[in-house]
Amino acid sequence: MDQEQTVTGKSIFRIDGPPKVRGEAKYAAEYNIPDLLHAYVVTASIAKGRILSIDLAAARRFTGVVEILCHKNRPWFWPVSFLYKDTAGPPGKPFMPLYDDRVYFSGQPVALVIAESLEAARDAAALVDVMYETEQHTTDLAASTAFKPRKHRIGVAPVPHPTGDADRAFAVAPVKIESTYTTSPENHHPMELFATTVQWGDKVVTVYDKTQSPKSVELFLKVAFRLIRRKVRVVSSYVGGAFGLGLRPQQSVFLAVMAAKALKRSVRLVLPRDHMFALGYRANATQTVSLAADKKGRLQAIRHRAVAATSQFEDAQDPMLLFSASIYRCDNIKLTYELAKLDTVSPCDMRAPGAATGMFALESAMDELAYALDIDPLALRLANYTERDQSENRPFSSKALRECYAQGSGRFGWGKRSHAPRSMREDKELIGWGMATGAWEAAMSPAPARAEVRLRGDGKFEVTSSITDIGTGTYTILSQIAADALETTMDRIVVRLGDSALPFNPIQGGSWTAATSGAAVQSACRKLKSTIRSRAKQAGVLERRQGAELLSASALVDLLKLQRGGKLSATATKFSLPFGKNFSSATHAAVFAEVRVDEELSVVRVTRIVCAVAAGRILNPNTARSQIIGATVMGIGKALHEDAAYDHNLGRCMAHSFGDYHIPSNADVYDIDVVFVDEADAQVSPLGVKGLGEIGVVAVAPAIANAIFHATGQRMRDLPITIDRLARARSGAS
Amino acid sequence: MKRFTYVRAVSIDQAIESLSVHPDAKLLAGGTNLVDLMKYDVSTPTTIIDINDLPLREISETADGGLRIGALVTNSEVAVHPSVARHYPLLASAIFAGASAQLRNAATVAGNLMQRTRCSYFYDVLTPCNKRAPGSGCPARTGLNRNHAILGASQLCVATHPSDMCVALAAIGATIIVQGPKGVRSIPLADFHRLPGDAPEKDTTLLVDEVILGIVLPPVLEHHRYSYLKIRDRLSYAFAIVSAAVLLTINDEAAISTAQIALGGVAHKPWRNTAAEALLIGRPASRVNFDQFASMLLSGSVALSENDFKIDLAHRTVVRALEQAASRTPQSQSDKRVH
Ligand SMILES: Cc1cc2nc3c(=O)[nH]c(=O)nc-3n(C[C@H](O)[C@H](O)[C@H](O)COP(=O)(O)OP(=O)(O)OC[C@H]3O[C@@H](n4cnc5c(N)ncnc54)[C@H](O)[C@@H]3O)c2cc1C
Ligand code: SF4
């Protein structure tokens with residue numbers, strides 16, 4: 001079929017929009033089940049120590065309370081932590097809520113109140129009196145000792161080996177910089193609260209859960225709670241954002257199923273916003289980057305050392321240094337990735353995990369180097385452009401980063417920039433223009449993704465896959481892909497997702513859903529199409545004119561009736577082989593930011609952002625653009641606002657709501673201009689798709705920090721760049 | 001949330017009586033602060049007296065040319081009222097600088113006066129806090145205090161009053177009208193909020209059995225200039241780090257003839273220094289004079305471990321607000337550019 005007639009690649013509005021607006025799209029907390037009980041978590045106030053006693057008497061007397069579980073009376077579950085491993089978990093012992101009397105982090109669940117109503121559970125929870133024996137805790141990254149993780153996390157590429165001799169090259173290079181950067185712990189905070197509704201049954205346990213992987217939650221629950229004789233079905237038809245926090249089975253599903261199993265009743269647990277701060281966070285990190293160049297700006301040495309936060313019980317790891325080895329041409333590279341243990345929950349993947357933090361440091365350092373060299377920051381990037389992935393010594397399947405630079409800078413008007421800091425001003429505001437490069441892995445999932453397509457009795461095609469749509473537009477793009485593969489229109493396609501009873505798909509993460517699940521859908525649909533074609537030929541009903549549909553709905557229904565078993569369907573499985581590839585793949589972006597800084601008052605406005613993205617084929621510019629805009633706003637938050645606000649004396653995160661965990665408000669978001677650069681890539685995935693979930697956030701924070709430097713002459717190396725930090729930098733300079 | 005009895009007051013007298021009978025009762029106005037505090041178990045009244053039926057929703061002119069605003073008038077209604085917009089634009093501007101449209105539509109004048117600090121320990125019952133649980137300690141002193149007080153704090157509490165509206169009212173010199181079992185009395189705004197001292201649990205001088213009836217604004221200052229400038233951690237929907245409310249009149253000789261200036265976000269109450277204001281009178285509206293004034297206004301300020309920057313920022317903010325007022329270019333609350 002010729003490109004013009006396909007819906008793939010067109011700006012289609014989300015097909016899940018209307019049901020969401022009408023309230024028909026159900027989220028995990030919205031399933032009403034007869035005789036439902038409600039649970040509420042009692043959390044620890046200390047960061048480290050032991051529970052000496054839990055007084056449940058007053059809470060038990062509270063009207064409506066059915067049961068209160070704590071480590072002393074919880075139902076049996078396996079005492080060996082490896083059984084709680086999940087596919088996205090790092091090395092270590094996964095946290096098991098209510099396991100024993102140990103407290104590992106402030107906010108940790110220590111009891112679960114189950115009652116006839118949410119209000120009763122919540123109000124009784126406040127009456128649970130816990131006594132602790134406290135131990136010395138550390139939540140301050142600077143006060144914790146760094147170490148190299150002994151075991152690598154599966155799925156996270158190990159830090160590339162050193163190449164050349166970075167120390168020597170750095171020592172002898174004519175121009176060099178070395179700086180240390182810090183980032184704060186950030187929380188994901190999808191709008192939808194983490195919630196689980198468990199429908200307990202003798203044969204089937206249905207778990208409505210907020211997750212990015214119904215399948216891994218199903219497997220996890222079956223093992224952890226020995227639900228061997230029951231069928232476990234995990235449903236996540238709609239997920240109101242997750243950003244990585246739903247990649248692992250969360251405390252909410254663990255506790256809700258534990259309660260349901262203990263009581264043999266249906267139970268719902270909705271975590272309030274406050275409790276979501278203790279589910280996971282983007283690891284804060286301290287990073288030192290040393291860059292050296294020759295006089296022309298060609299990189300001679302890259303050294304990048306990162307120390308990232310982790311918990312006491314797991315060695316959380318993410319690809320913080322991945323692109324430091326591959327984004328610029330350089331022969332001498334030395335990367336060091338270390339962890340430091342804190343008395344917090346384990347950090348977990350958050351949109352562009354690692355890369356967003358690592359690239360903040362690297363891209364800030366590149367800007368520093370550009371100024372040390374006195375050359376334009378974009379020119380420095382171009383001078384070190386590489387067509388090959390030097391860390392793997394192989395070509396890229398495609399790399400249109402150069403076009404991102406060209407189109408992004410063109411739209412932004414970068415050419416009109418005056419190089420010197422503090423040289424642009426309007427009225428009382430200093431104006432700064434900064435840029436940064438972004439990259440993220442483009443890959444298909446290494447775990448297989450399956451899809452099924454079935455011709456229904458009403459002549460529509462039903463596409464099913466266990467993959468979730470976390471708000472990214474998966475329903476819509478899979479419908480587009482299916483419609484094209486079946487040579488029909490989107491209204492003849494019905495997509496059902498987010499259900500572990502549907503064909504297996506891995507976690508929705510890593511930006512690989514569109515490429516992998518999309519390819520499986522396409523392949524299944526193509527198979528079904530050829531089956532239909534041959535069966536129709538046999539039956540003599542194939543009526544095919546150029547440009548017309550494969551078969552009319554009524555002809556299809558007739559054909560279906562002729563089939564033995566009344567069934568016409570096809571399945572397909574897609575995944576990427578983890579080895580033997582002779583190319584690397586990545587998405588790239590160039591972000592250009594304008595800030596206006598009232599220097600006297602340290603007030604920053606990010607008035608303009610241009611984000612040029614090369615991500616292979618764009619399936620739906622509409623949903624794609626939304627992804628990038630959302631990620632850009634998240635990047636503004638990372639740059640200027642987000643911080644979990646730890647009180648290190650108490651070892652406690654003191655942000656409890658959106659009132660004190662600031663994300664950008666509408667007023668903080670001015671123009672965001674998204675450009676998708678053409679990038680054809682036949683190798684990366686069957687659809688030519690690279691994925692868009694993460695790339696948008698990577699380069700935003702460094703572009704803003706660099707713009708602030710250009711505006712004020714102050715190099716802001718600590719995120720978020722708040723008023724106090726700007727004010728101190730200014731007064732330190734004057 | 002603790003269970004409570006709900007009473008809907010039909011008269012002011014009844015509300016006062018209920019308060020006298022139930023000393024731990026709370027009046028419910030817009031509920032935007034009280035209900036949150038109850039949800040977090042910070043406030044645990046056993047009785048809620050809903051006053052929304054009381055006849056306290058009027059805005060009327062007073063005999064001397066001032067304005068009386070009923071306790072239950074919403075923040076939005078105050079801000080858009082023609083008399084306020086025309087004669088007290090500083091008040092309207094301060095209200096627009098606060099919260100969000102939805103909150104301003106629900107929040108009332110009395111509730112805004114009575115709103116409690118935003119110190120994060122105060123809101124978290126699993127931490128100590130002298131204001132919430134007297135005698136338990138003040139973790140902010142050695143912990144997170146970047147947005148805490150630089151003026152008038154005590155050993156026991158370093159919290160700030162979070163209101164924007166009250167900063168404008170302080171500059172305007174409003175009076176609070178309250179009624180208790182012994183009758184009606186008026187409290188100048190300057191005496192309404194208190195410093196924490198050795199009783200940080202007490203925010204105001206209102207007695208437990210008193211109801212706020214409304215506020216009275218003094219007669220309009222003819223030809224005054226004004227600005228409300230709020231500096232915060234994002235461009236909207238955040239409490240002030242510092243804010244300044246400025247009312248100035250400048251005579252034909254270009255000298256300052258009246259000056260009323262209040263600072264927000266710096267202390268347990270809106271901060272004014274009338275002695276410093278007096279020094280501005282008769283002087284030209286110049287940067288030098290504004291600087292001197294700001295130094296005097298902030299004299300005695302003390303930094304905590306994280307909020308040293310606030311002293312300088314407060315200085316700069318008040319100077320800028322004075323300049324904005326003097327040049328008749330008050331800060332816009334919709335265009336976030338500070339000029
Ligand atoms: C997310 C958020 C952001 C906010 N941002 C800002 C901001 O930027 N700037 C700002 O200034 N404010 C801000 N606020 C606070 C807001 O202004 C207050 O919550 C509001 O003014 C309280 O008014 P209310 O009528 O809802 O009071 P309520 O919550 O009903 O009551 C508050 C207190 O006042 C008492 N009270 C009420 N009426 C009377 C009366 N007649 N007599 C005696 N006592 C009475 C109540 O008993 C209670 O103790 C914000 C609030 C929220 C939730
Ligand atoms: S500053 Fe005041 S409100 Fe905050 S913790 Fe200390 S005593 Fe409590």
# chains A, B, ... in the order shown; residues from 1 in each chain; ligands from 1
call {"tool": "residues_around", "arguments": {"residues": "stretch 471-475 of chain A", "least_positions_apart": "4", "cutoff": "7 Å", "atoms": "only C-alpha atoms", "output": "PDB file with N, CA and C atoms, in the first residue's frame"}}
result
ATOM      1  N   ARG A  14      -5.827  10.756  20.026  1.00  0.00           N
ATOM      2  CA  ARG A  14      -5.862   9.550  20.836  1.00  0.00           C
ATOM      3  C   ARG A  14      -7.230   8.891  20.802  1.00  0.00           C
ATOM      4  N   ILE A  15      -7.259   7.598  20.528  1.00  0.00           N
ATOM      5  CA  ILE A  15      -8.543   6.917  20.540  1.00  0.00           C
ATOM      6  C   ILE A  15      -9.027   6.671  21.964  1.00  0.00           C
ATOM      7  N   ASP A  16      -8.116   6.754  22.925  1.00  0.00           N
ATOM      8  CA  ASP A  16      -8.541   6.584  24.317  1.00  0.00           C
ATOM      9  C   ASP A  16      -8.945   7.924  24.935  1.00  0.00           C
ATOM     10  N   VAL A 239      -3.497   3.459  32.503  1.00  0.00           N
ATOM     11  CA  VAL A 239      -2.511   3.838  33.507  1.00  0.00           C
ATOM     12  C   VAL A 239      -2.266   5.340  33.369  1.00  0.00           C
ATOM     13  N   GLY A 240      -2.525   6.063  34.438  1.00  0.00           N
ATOM     14  CA  GLY A 240      -2.399   7.527  34.383  1.00  0.00           C
ATOM     15  C   GLY A 240      -0.990   7.984  34.640  1.00  0.00           C
ATOM     16  N   GLY A 241      -0.087   7.596  33.745  1.00  0.00           N
ATOM     17  CA  GLY A 241       1.316   7.974  33.877  1.00  0.00           C
ATOM     18  C   GLY A 241       2.035   7.063  34.848  1.00  0.00           C
ATOM     19  N   SER A 479      -3.429   0.836  16.956  1.00  0.00           N
ATOM     20  CA  SER A 479      -4.570   0.835  16.026  1.00  0.00           C
ATOM     21  C   SER A 479      -4.130   1.269  14.640  1.00  0.00           C
ATOM     22  N   VAL A 495      -8.632  -2.298  19.953  1.00  0.00           N
ATOM     23  CA  VAL A 495      -7.398  -2.695  20.636  1.00  0.00           C
ATOM     24  C   VAL A 495      -7.692  -2.930  22.115  1.00  0.00           C
ATOM     25  N   THR A 623       0.697  12.370  19.056  1.00  0.00           N
ATOM     26  CA  THR A 623       1.060  11.773  20.344  1.00  0.00           C
ATOM     27  C   THR A 623       2.567  11.912  20.578  1.00  0.00           C
ATOM     28  N   GLN A 627       4.412  13.680  23.818  1.00  0.00           N
ATOM     29  CA  GLN A 627       5.466  13.036  24.606  1.00  0.00           C
ATOM     30  C   GLN A 627       6.622  13.990  24.841  1.00  0.00           C
TER      31      GLN A 627
END
call {"tool": "select_by_dssp", "arguments": {"residues": "stretch 299-409 of chain A", "states": "alpha helix (DSSP H)", "output": "PyMOL selection string"}}
result
chain A and resi 355-373+377-383+401-409
call {"tool": "closest_atom_pairs", "arguments": {"of": "chain B", "to": "ligand 1", "cutoff": "7 Å", "atoms": "only C-alpha atoms and all ligand atoms", "output": "JSON lines"}}
result
{"residue": "B:Lys26", "atom": "CA", "partner": "ligand 1", "partner_atom_place_in_ligand_line": "47 (O)", "distance": 4.4}
{"residue": "B:Leu27", "atom": "CA", "partner": "ligand 1", "partner_atom_place_in_ligand_line": "47 (O)", "distance": 3.7}
{"residue": "B:Leu28", "atom": "CA", "partner": "ligand 1", "partner_atom_place_in_ligand_line": "30 (O)", "distance": 4.3}
{"residue": "B:Ala29", "atom": "CA", "partner": "ligand 1", "partner_atom_place_in_ligand_line": "30 (O)", "distance": 3.4}
{"residue": "B:Gly30", "atom": "CA", "partner": "ligand 1", "partner_atom_place_in_ligand_line": "26 (O)", "distance": 3.3}
{"residue": "B:Gly31", "atom": "CA", "partner": "ligand 1", "partner_atom_place_in_ligand_line": "30 (O)", "distance": 3.2}
{"residue": "B:Thr32", "atom": "CA", "partner": "ligand 1", "partner_atom_place_in_ligand_line": "26 (O)", "distance": 3.6}
{"residue": "B:Asn33", "atom": "CA", "partner": "ligand 1", "partner_atom_place_in_ligand_line": "29 (O)", "distance": 3.5}
{"residue": "B:Leu34", "atom": "CA", "partner": "ligand 1", "partner_atom_place_in_ligand_line": "29 (O)", "distance": 3.7}
{"residue": "B:Val35", "atom": "CA", "partner": "ligand 1", "partner_atom_place_in_ligand_line": "29 (O)", "distance": 6.0}
{"residue": "B:Ala71", "atom": "CA", "partner": "ligand 1", "partner_atom_place_in_ligand_line": "41 (N)", "distance": 5.2}
{"residue": "B:Leu72", "atom": "CA", "partner": "ligand 1", "partner_atom_place_in_ligand_line": "41 (N)", "distance": 6.7}
{"residue": "B:Ile95", "atom": "CA", "partner": "ligand 1", "partner_atom_place_in_ligand_line": "11 (O)", "distance": 6.9}
{"residue": "B:Ala97", "atom": "CA", "partner": "ligand 1", "partner_atom_place_in_ligand_line": "8 (O)", "distance": 6.5}
{"residue": "B:Gly98", "atom": "CA", "partner": "ligand 1", "partner_atom_place_in_ligand_line": "8 (O)", "distance": 3.4}
{"residue": "B:Ala99", "atom": "CA", "partner": "ligand 1", "partner_atom_place_in_ligand_line": "5 (N)", "distance": 3.2}
{"residue": "B:Ser100", "atom": "CA", "partner": "ligand 1", "partner_atom_place_in_ligand_line": "3 (C)", "distance": 6.7}
{"residue": "B:Leu103", "atom": "CA", "partner": "ligand 1", "partner_atom_place_in_ligand_line": "51 (C)", "distance": 6.5}
{"residue": "B:Arg104", "atom": "CA", "partner": "ligand 1", "partner_atom_place_in_ligand_line": "17 (O)", "distance": 6.7}
{"residue": "B:Ala106", "atom": "CA", "partner": "ligand 1", "partner_atom_place_in_ligand_line": "26 (O)", "distance": 5.9}
{"residue": "B:Ala107", "atom": "CA", "partner": "ligand 1", "partner_atom_place_in_ligand_line": "25 (O)", "distance": 3.8}
{"residue": "B:Thr108", "atom": "CA", "partner": "ligand 1", "partner_atom_place_in_ligand_line": "25 (O)", "distance": 3.7}
{"residue": "B:Val109", "atom": "CA", "partner": "ligand 1", "partner_atom_place_in_ligand_line": "25 (O)", "distance": 6.5}
{"residue": "B:Ala110", "atom": "CA", "partner": "ligand 1", "partner_atom_place_in_ligand_line": "38 (N)", "distance": 4.5}
{"residue": "B:Gly111", "atom": "CA", "partner": "ligand 1", "partner_atom_place_in_ligand_line": "27 (O)", "distance": 3.2}
{"residue": "B:Asn112", "atom": "CA", "partner": "ligand 1", "partner_atom_place_in_ligand_line": "21 (O)", "distance": 3.1}
{"residue": "B:Leu113", "atom": "CA", "partner": "ligand 1", "partner_atom_place_in_ligand_line": "21 (O)", "distance": 6.9}
{"residue": "B:Met114", "atom": "CA", "partner": "ligand 1", "partner_atom_place_in_ligand_line": "34 (O)", "distance": 4.2}
{"residue": "B:Gln115", "atom": "CA", "partner": "ligand 1", "partner_atom_place_in_ligand_line": "32 (C)", "distance": 4.9}
{"residue": "B:Pro162", "atom": "CA", "partner": "ligand 1", "partner_atom_place_in_ligand_line": "11 (O)", "distance": 5.8}
{"residue": "B:Ser163", "atom": "CA", "partner": "ligand 1", "partner_atom_place_in_ligand_line": "11 (O)", "distance": 3.2}
{"residue": "B:Asp164", "atom": "CA", "partner": "ligand 1", "partner_atom_place_in_ligand_line": "11 (O)", "distance": 3.9}
{"residue": "B:Met165", "atom": "CA", "partner": "ligand 1", "partner_atom_place_in_ligand_line": "11 (O)", "distance": 5.5}
{"residue": "B:Glu210", "atom": "CA", "partner": "ligand 1", "partner_atom_place_in_ligand_line": "43 (C)", "distance": 6.5}
{"residue": "B:Val211", "atom": "CA", "partner": "ligand 1", "partner_atom_place_in_ligand_line": "42 (N)", "distance": 3.9}
{"residue": "B:Ile212", "atom": "CA", "partner": "ligand 1", "partner_atom_place_in_ligand_line": "42 (N)", "distance": 3.7}
{"residue": "B:Leu213", "atom": "CA", "partner": "ligand 1", "partner_atom_place_in_ligand_line": "41 (N)", "distance": 5.8}
{"residue": "B:Tyr237", "atom": "CA", "partner": "ligand 1", "partner_atom_place_in_ligand_line": "8 (O)", "distance": 5.7}
{"residue": "B:Ala238", "atom": "CA", "partner": "ligand 1", "partner_atom_place_in_ligand_line": "8 (O)", "distance": 5.1}
{"residue": "B:Phe239", "atom": "CA", "partner": "ligand 1", "partner_atom_place_in_ligand_line": "8 (O)", "distance": 4.2}
{"residue": "B:Ala240", "atom": "CA", "partner": "ligand 1", "partner_atom_place_in_ligand_line": "8 (O)", "distance": 6.6}
call {"tool": "select_by_dssp", "arguments": {"residues": "stretch 74-181 of chain A", "states": "strand (DSSP E or B)", "output": "PyMOL selection string"}}
result
chain A and resi 92+102-103+109-115+129-134+146-147+163+175-181
call {"tool": "residues_around", "arguments": {"residues": "stretch 215-232 of chain B", "least_positions_apart": "6", "cutoff": "8 Å", "atoms": "only C-alpha atoms", "output": "PyMOL selection string"}}
result
(chain A and resi 601+603) or (chain B and resi 64-71+87-90+93-94+97+168-169+172-177+238-250+317-318+321-322+324-326+328-331)
call {"tool": "residues_near_ligand", "arguments": {"ligand": "ligand 2", "cutoff": "8 Å", "atoms": "only C-alpha atoms and all ligand atoms", "output": "list in words"}}
result
Thr117, Arg118, Cys119, Ser120, Tyr121, Phe122, Pro128, Cys129, Asn130, Lys131, Arg132, Gly137, Cys138, Pro139, Ala140, Arg141, Asn145, His148, Leu156, Cys157, Val158, Ala159, Thr160, Pro196 and Pro200 of chain B
call {"tool": "closest_atom_pairs", "arguments": {"of": "chain B", "to": "chain A", "cutoff": "6 Å", "atoms": "only C-alpha atoms", "output": "JSON lines"}}
result
{"residue": "B:Met1", "atom": "CA", "partner": "A:Asp123", "partner_atom": "CA", "distance": 5.4}
{"residue": "B:Leu126", "atom": "CA", "partner": "A:Ser45", "partner_atom": "CA", "distance": 5.5}
{"residue": "B:Gly143", "atom": "CA", "partner": "A:Asp647", "partner_atom": "CA", "distance": 5.7}
{"residue": "B:Leu235", "atom": "CA", "partner": "A:Asp668", "partner_atom": "CA", "distance": 5.6}
{"residue": "B:Ser236", "atom": "CA", "partner": "A:Ala667", "partner_atom": "CA", "distance": 5.9}
{"residue": "B:Phe309", "atom": "CA", "partner": "A:Asp724", "partner_atom": "CA", "distance": 5.9}
call {"tool": "write_last_selection", "arguments": {"atoms": "N, CA, C and O atoms", "output": "mmCIF file, in the first residue's frame"}}
result
data_model
loop_
_atom_site.group_PDB
_atom_site.id
_atom_site.type_symbol
_atom_site.label_atom_id
_atom_site.label_comp_id
_atom_site.auth_asym_id
_atom_site.auth_seq_id
_atom_site.Cartn_x
_atom_site.Cartn_y
_atom_site.Cartn_z
ATOM 1 N N MET B 1 -8.060 11.547 59.688
ATOM 2 C CA MET B 1 -8.898 12.630 60.198
ATOM 3 C C MET B 1 -9.673 12.143 61.410
ATOM 4 O O MET B 1 -10.189 11.035 61.407
ATOM 5 N N LEU B 126 4.357 13.126 61.949
ATOM 6 C CA LEU B 126 5.383 12.166 62.365
ATOM 7 C C LEU B 126 6.709 12.861 62.683
ATOM 8 O O LEU B 126 7.720 12.202 62.902
ATOM 9 N N GLY B 143 17.179 22.103 60.472
ATOM 10 C CA GLY B 143 16.868 21.300 59.291
ATOM 11 C C GLY B 143 16.567 22.161 58.075
ATOM 12 O O GLY B 143 17.353 23.038 57.716
ATOM 13 N N LEU B 235 6.900 30.419 39.073
ATOM 14 C CA LEU B 235 6.321 31.704 38.697
ATOM 15 C C LEU B 235 4.863 31.860 39.113
ATOM 16 O O LEU B 235 4.301 32.948 39.043
ATOM 17 N N SER B 236 4.237 30.778 39.526
ATOM 18 C CA SER B 236 2.864 30.873 40.003
ATOM 19 C C SER B 236 2.635 29.758 41.010
ATOM 20 O O SER B 236 3.387 28.784 41.060
ATOM 21 N N PHE B 309 20.262 33.872 52.281
ATOM 22 C CA PHE B 309 19.974 34.613 51.048
ATOM 23 C C PHE B 309 18.724 35.479 51.167
ATOM 24 O O PHE B 309 18.544 36.436 50.426
#
call {"tool": "closest_residue", "arguments": {"among": "A:Leu560, A:Ala482, A:Ala370, A:Val223", "to": "A:Lys527", "atoms": "only C-alpha atoms"}}
result
A:Ala482
call {"tool": "closest_atom_pairs", "arguments": {"of": "stretch 334-421 of chain A", "to": "stretch 433-456 of chain A", "cutoff": "10 Å", "atoms": "only C-alpha atoms", "output": "tab-separated table"}}
result
residue	atom	partner	partner_atom	distance
A:Ala352	CA	A:Trp440	CA	7.0
A:Pro353	CA	A:Trp440	CA	9.4
A:Gly354	CA	A:Trp440	CA	9.9
A:Ala355	CA	A:Trp440	CA	7.0
A:Ala356	CA	A:Gly438	CA	8.3
A:Met359	CA	A:Gly438	CA	7.1
A:Phe360	CA	A:Ala436	CA	8.6
A:Leu362	CA	A:Ala436	CA	9.4
A:Glu363	CA	A:Ala436	CA	5.8
A:Ser364	CA	A:Ala436	CA	7.9
A:Met366	CA	A:Ala436	CA	8.6
A:Asp367	CA	A:Ala436	CA	8.2
A:Pro377	CA	A:Met435	CA	7.4
A:Leu378	CA	A:Met435	CA	7.3
A:Arg381	CA	A:Thr437	CA	8.3
A:Ser397	CA	A:Ala442	CA	9.8
A:Leu401	CA	A:Thr437	CA	8.5
A:Cys404	CA	A:Thr437	CA	9.3
A:Tyr405	CA	A:Thr437	CA	8.5
A:Gly408	CA	A:Met435	CA	9.7
A:Ser409	CA	A:Met435	CA	8.9
A:Phe412	CA	A:Trp433	CA	9.4
A:Gly413	CA	A:Trp433	CA	9.9
A:Trp414	CA	A:Trp433	CA	7.8
A:Arg417	CA	A:Trp433	CA	7.2
A:Ser418	CA	A:Trp433	CA	9.0
A:His419	CA	A:Trp433	CA	9.2
A:Pro421	CA	A:Trp433	CA	9.4
call {"tool": "atom_distance", "arguments": {"atom1": "atom CA of A:Ala306", "atom2": "atom CA of A:Glu338"}}
result
6.0 Å
call {"tool": "closest_residue", "arguments": {"among": "B:Ala85, B:Ala199, B:Ala294, B:Ala276", "to": "B:Ala133", "atoms": "only C-alpha atoms"}}
result
B:Ala199
